[in-house]
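As structure tokens, the structure follows; a few thoughts come after it.
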Amino acid sequence: MAESVVVNRENFATVVLAASQEKPVLVDFFATWCGPCQILKPILQKLLQEYDFTLALVDIDQNPDLANEYGVEGVPDVRVVTQGKVIPGFVGVVTEAQIREILDNLDVKSSLDEAITQLQQYQNAGDLAQAKQCLDQLFNDYPKHPKVAIAAAEFLLHCQKPTEATRLLNTIPPDDPDYGAIAAQLRGRIFLQDISQTEPASELDQKYIRAAQLALAENYEEALLIFLEIVAGDRRYQDDGARKAMVTIFNLLGSTHPLTQKFQKQLMLTLY
């Protein structure tokens with residue numbers, strides 16, 4: 001069972017070095033006066049709930065000898081200990097995703113990721129009853145985790161419930177460093193899906209719907225060409241819907257994608 005322990009000179013050899021023979025230990029050198037340490041602490045505690053590692057907490061003011069021995073110059077300084085060896089981890093505050101990568105490289109399994117994989121297997125197999133049961137357990141075990149909200153939104157989309165999916169995705173703050181962009185991309189897909197499923201009443205509607213369908217099929221360049229043509233012809237169409245659809249595709253592709261850079265310039269020239 002994952003746990004956190006307060007470490008000092010007397011117990012370091014036992015609860016860190018010896019214990020690391022059984023499972024990895026993350027040693028968090030911190031100080032009570034350190035603001036970044038207080039930011040990092042809940043991230044580590046959160047990951048401790050789903051990964052099987054030991055979190056060893058070393059207050060450098062109470063244990064200056066340990067800090068000096070391991071060359072700690074700034075806090076937070078997190079070291080990784082495995083098989084009795086202390087290796088560098090990271091200094092300062094890093095994202096949850098970066099710490100997950102470190103744990104993955106140590107082959108430490110996430111119970112949350114394993115449960116989400118099981119949910120997706122049930123979903124792909126069409127066993128929605130088992131998938132729903134798995135999802136209920138996830139909400140019970142991780143009630144406020146953004147990863148669960150995203151998995152639930154994907155399940156709801158699979159069940160053709162985009163409104164409920166959007167409501168869940170909206171609980172994730174846009175500025176969340178690990179999950180905000182993922183939630184935005186899913187909302188973008190829902191937006192394109194809504195367009196693709198509308199009934200056309202004109203030739204322009206047909207073009208608009210066709211572009212959304214192409215985007216959902218990941219034929220982004222042709223979709224962007226059609227949306228750009230609509231913007232050039234009638235900016236007010238569908239409450240500026242074609243421009244919004246283009247921005248949605250830019251978000252799906254990312255700011256560095258060649259199509260994003262190409263069509264952002266063309267969109268700006270068309271608008272101004």
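Chains: A, B, ... in order of the structure tokens. Residues: from 1 per chain. Ligands: from 1, in order shown.
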Please identify all polymer residues within 9 Å of range 9-17 of chain A, counting only C-alpha atoms, omitting same-chain residues fewer than 2 positions from it, and present them as a short mmCIF file (atom, residue, chain, number, x, y, z; two decimals) with N, CA and C atoms, in the first residue's frame.
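As written to disk, out24.cif reads:
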```cif
data_model
loop_
_atom_site.label_atom_id
_atom_site.label_comp_id
_atom_site.auth_asym_id
_atom_site.auth_seq_id
_atom_site.Cartn_x
_atom_site.Cartn_y
_atom_site.Cartn_z
N VAL A 5 6.06 8.92 4.54
CA VAL A 5 6.72 8.81 5.84
C VAL A 5 7.62 10.01 6.05
N VAL A 6 7.70 10.45 7.30
CA VAL A 6 8.61 11.52 7.67
C VAL A 6 9.97 10.89 7.93
N VAL A 7 10.99 11.45 7.30
CA VAL A 7 12.31 10.83 7.32
C VAL A 7 13.33 11.76 7.98
N ALA A 19 14.05 0.11 2.06
CA ALA A 19 12.69 -0.05 1.53
C ALA A 19 12.65 0.02 0.01
N SER A 20 13.63 0.73 -0.58
CA SER A 20 13.64 0.87 -2.05
C SER A 20 13.97 -0.44 -2.76
N GLN A 21 14.39 -1.45 -1.99
CA GLN A 21 14.60 -2.77 -2.60
C GLN A 21 13.26 -3.42 -2.94
N PRO A 24 9.93 1.57 -5.35
CA PRO A 24 10.60 2.86 -5.44
C PRO A 24 10.19 3.83 -4.33
N VAL A 25 11.13 4.68 -3.97
CA VAL A 25 10.89 5.71 -2.97
C VAL A 25 11.19 7.07 -3.61
N LEU A 26 10.26 8.00 -3.51
CA LEU A 26 10.50 9.37 -3.92
C LEU A 26 10.80 10.17 -2.66
N VAL A 27 11.98 10.77 -2.59
CA VAL A 27 12.39 11.55 -1.42
C VAL A 27 12.17 13.03 -1.73
N THR A 54 6.68 4.76 -2.21
CA THR A 54 6.76 5.41 -0.91
C THR A 54 7.20 6.85 -1.09
N ALA A 56 8.89 9.78 0.80
CA ALA A 56 9.68 10.10 1.99
C ALA A 56 9.87 11.62 2.09
N ASN A 63 16.81 18.55 9.07
CA ASN A 63 17.81 17.54 8.69
C ASN A 63 18.86 18.13 7.74
N ASP A 65 22.00 17.83 7.71
CA ASP A 65 23.05 16.88 7.37
C ASP A 65 22.67 16.04 6.16
N LEU A 66 21.38 15.60 6.10
CA LEU A 66 20.91 14.83 4.95
C LEU A 66 20.91 15.69 3.69
N VAL A 81 14.75 6.88 -5.41
CA VAL A 81 15.58 5.82 -4.84
C VAL A 81 15.00 4.47 -5.25
N THR A 82 15.82 3.69 -5.90
CA THR A 82 15.39 2.35 -6.32
C THR A 82 16.56 1.39 -6.19
N GLN A 83 16.29 0.22 -5.62
CA GLN A 83 17.33 -0.78 -5.39
C GLN A 83 18.51 -0.19 -4.61
N GLY A 84 18.19 0.69 -3.66
CA GLY A 84 19.21 1.27 -2.79
C GLY A 84 20.02 2.39 -3.40
N LYS A 85 19.73 2.75 -4.64
CA LYS A 85 20.48 3.82 -5.32
C LYS A 85 19.67 5.10 -5.37
N VAL A 86 20.30 6.21 -5.00
CA VAL A 86 19.65 7.53 -5.04
C VAL A 86 20.04 8.21 -6.34
#
```
How would you write, as a count of residues only, the set of residues in range 32-241 of chain A that DSSP gives as alpha helix (DSSP H)?
125
When you look at Asp59 in chain A with a cut-off of 9 Å (counting only C-alpha atoms), what residues show up, excluding the ones that are within fewer than 5 positions of it in the same chain? I need them as a list in words.
Val6, Val7, Asn8, Asp28, Phe29, Phe30, Ala31, Thr32, Pro64 and Ala67 of chain A
For the residues in that selection, give me N, CA and C atoms as a PDB file, in the first residue's frame.
```pdb
ATOM      1  N   VAL A   6       7.700  10.448   7.303  1.00  0.00           N
ATOM      2  CA  VAL A   6       8.612  11.523   7.669  1.00  0.00           C
ATOM      3  C   VAL A   6       9.972  10.893   7.928  1.00  0.00           C
ATOM      4  N   VAL A   7      10.992  11.452   7.297  1.00  0.00           N
ATOM      5  CA  VAL A   7      12.312  10.830   7.324  1.00  0.00           C
ATOM      6  C   VAL A   7      13.332  11.757   7.977  1.00  0.00           C
ATOM      7  N   ASN A   8      14.230  11.147   8.747  1.00  0.00           N
ATOM      8  CA  ASN A   8      15.351  11.867   9.338  1.00  0.00           C
ATOM      9  C   ASN A   8      16.604  11.000   9.228  1.00  0.00           C
ATOM     10  N   ASP A  28      11.274  13.622  -0.990  1.00  0.00           N
ATOM     11  CA  ASP A  28      10.931  15.033  -1.190  1.00  0.00           C
ATOM     12  C   ASP A  28      11.662  15.868  -0.147  1.00  0.00           C
ATOM     13  N   PHE A  29      12.784  16.497  -0.559  1.00  0.00           N
ATOM     14  CA  PHE A  29      13.481  17.450   0.298  1.00  0.00           C
ATOM     15  C   PHE A  29      12.716  18.769   0.214  1.00  0.00           C
ATOM     16  N   PHE A  30      12.199  19.233   1.346  1.00  0.00           N
ATOM     17  CA  PHE A  30      11.334  20.421   1.341  1.00  0.00           C
ATOM     18  C   PHE A  30      11.656  21.306   2.535  1.00  0.00           C
ATOM     19  N   ALA A  31      11.010  22.457   2.558  1.00  0.00           N
ATOM     20  CA  ALA A  31      11.087  23.361   3.711  1.00  0.00           C
ATOM     21  C   ALA A  31       9.697  23.936   3.950  1.00  0.00           C
ATOM     22  N   THR A  32       9.362  24.141   5.215  1.00  0.00           N
ATOM     23  CA  THR A  32       8.017  24.631   5.547  1.00  0.00           C
ATOM     24  C   THR A  32       7.783  26.055   5.037  1.00  0.00           C
ATOM     25  N   PRO A  64      19.584  19.155   8.174  1.00  0.00           N
ATOM     26  CA  PRO A  64      20.570  19.779   7.275  1.00  0.00           C
ATOM     27  C   PRO A  64      21.687  18.825   6.860  1.00  0.00           C
ATOM     28  N   ALA A  67      20.471  16.934   3.842  1.00  0.00           N
ATOM     29  CA  ALA A  67      20.441  17.837   2.693  1.00  0.00           C
ATOM     30  C   ALA A  67      21.851  18.069   2.153  1.00  0.00           C
TER      31      ALA A  67
END
```
Write out as a PyMOL selection string which residues come within 10 Å of Pro173 in chain A when counting only C-alpha atoms, dropping same-chain ones fewer than 4 positions away.
chain A and resi 146+169+177+179-181+183-184
Counting only C-alpha atoms, what is within 12 Å of Ala223 in chain A, bar same-chain residues fewer than 2 positions away, as JSON, numbers by chain?
{"A": [192, 196, 207, 208, 209, 210, 211, 212, 213, 214, 215, 216, 217, 218, 219, 220, 221, 225, 226, 227, 228, 229, 230, 242, 243, 245, 246, 247, 248, 249, 250, 259, 263]}
Find the spatial neighbours of Glu50 in chain A, counting only C-alpha atoms, within a cut-off of 10 Å - ignore same-chain residues fewer than 5 positions away - and output them as a count of residues only.
12
Residue contacts of range 71-77 of chain A (8 Å, only C-alpha atoms) excluding same-chain residues fewer than 2 positions away, as number ranges by chain:
A: 28-31, 34, 36-37, 40, 67-69, 79, 89-93
Output C-alpha atoms of each residue in that selection to a file, as a CSV table (one decimal), in the first residue's frame.
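Listing of out_10.csv after writing:
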```csv
chain,number,residue,atom,x,y,z
A,28,ASP,CA,10.9,15.0,-1.2
A,29,PHE,CA,13.5,17.4,0.3
A,30,PHE,CA,11.3,20.4,1.3
A,31,ALA,CA,11.1,23.4,3.7
A,34,CYS,CA,9.0,27.2,0.7
A,36,PRO,CA,6.8,25.9,-4.4
A,37,CYS,CA,7.1,23.0,-1.9
A,40,LEU,CA,4.2,20.3,-5.1
A,67,ALA,CA,20.4,17.8,2.7
A,68,ASN,CA,24.2,18.5,2.6
A,69,GLU,CA,25.0,14.8,2.1
A,79,ARG,CA,15.2,12.3,-5.6
A,89,GLY,CA,14.5,13.3,-10.0
A,90,PHE,CA,13.6,16.9,-10.4
A,91,VAL,CA,14.1,20.3,-8.7
A,92,GLY,CA,11.2,22.8,-8.4
A,93,VAL,CA,7.6,22.4,-9.2
```
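The gap separating CA of Thr256 in chain A from CA of Asp234 in chain A is 28.1 Å, in Å to one decimal.
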What separation in Å, quoted to one decimal, exists between CA of Lys262 in chain A and CA of Glu222 in chain A?
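Computing the Euclidean distance for CA of Lys262 in chain A and CA of Glu222 in chain A yields 12.8 Å.
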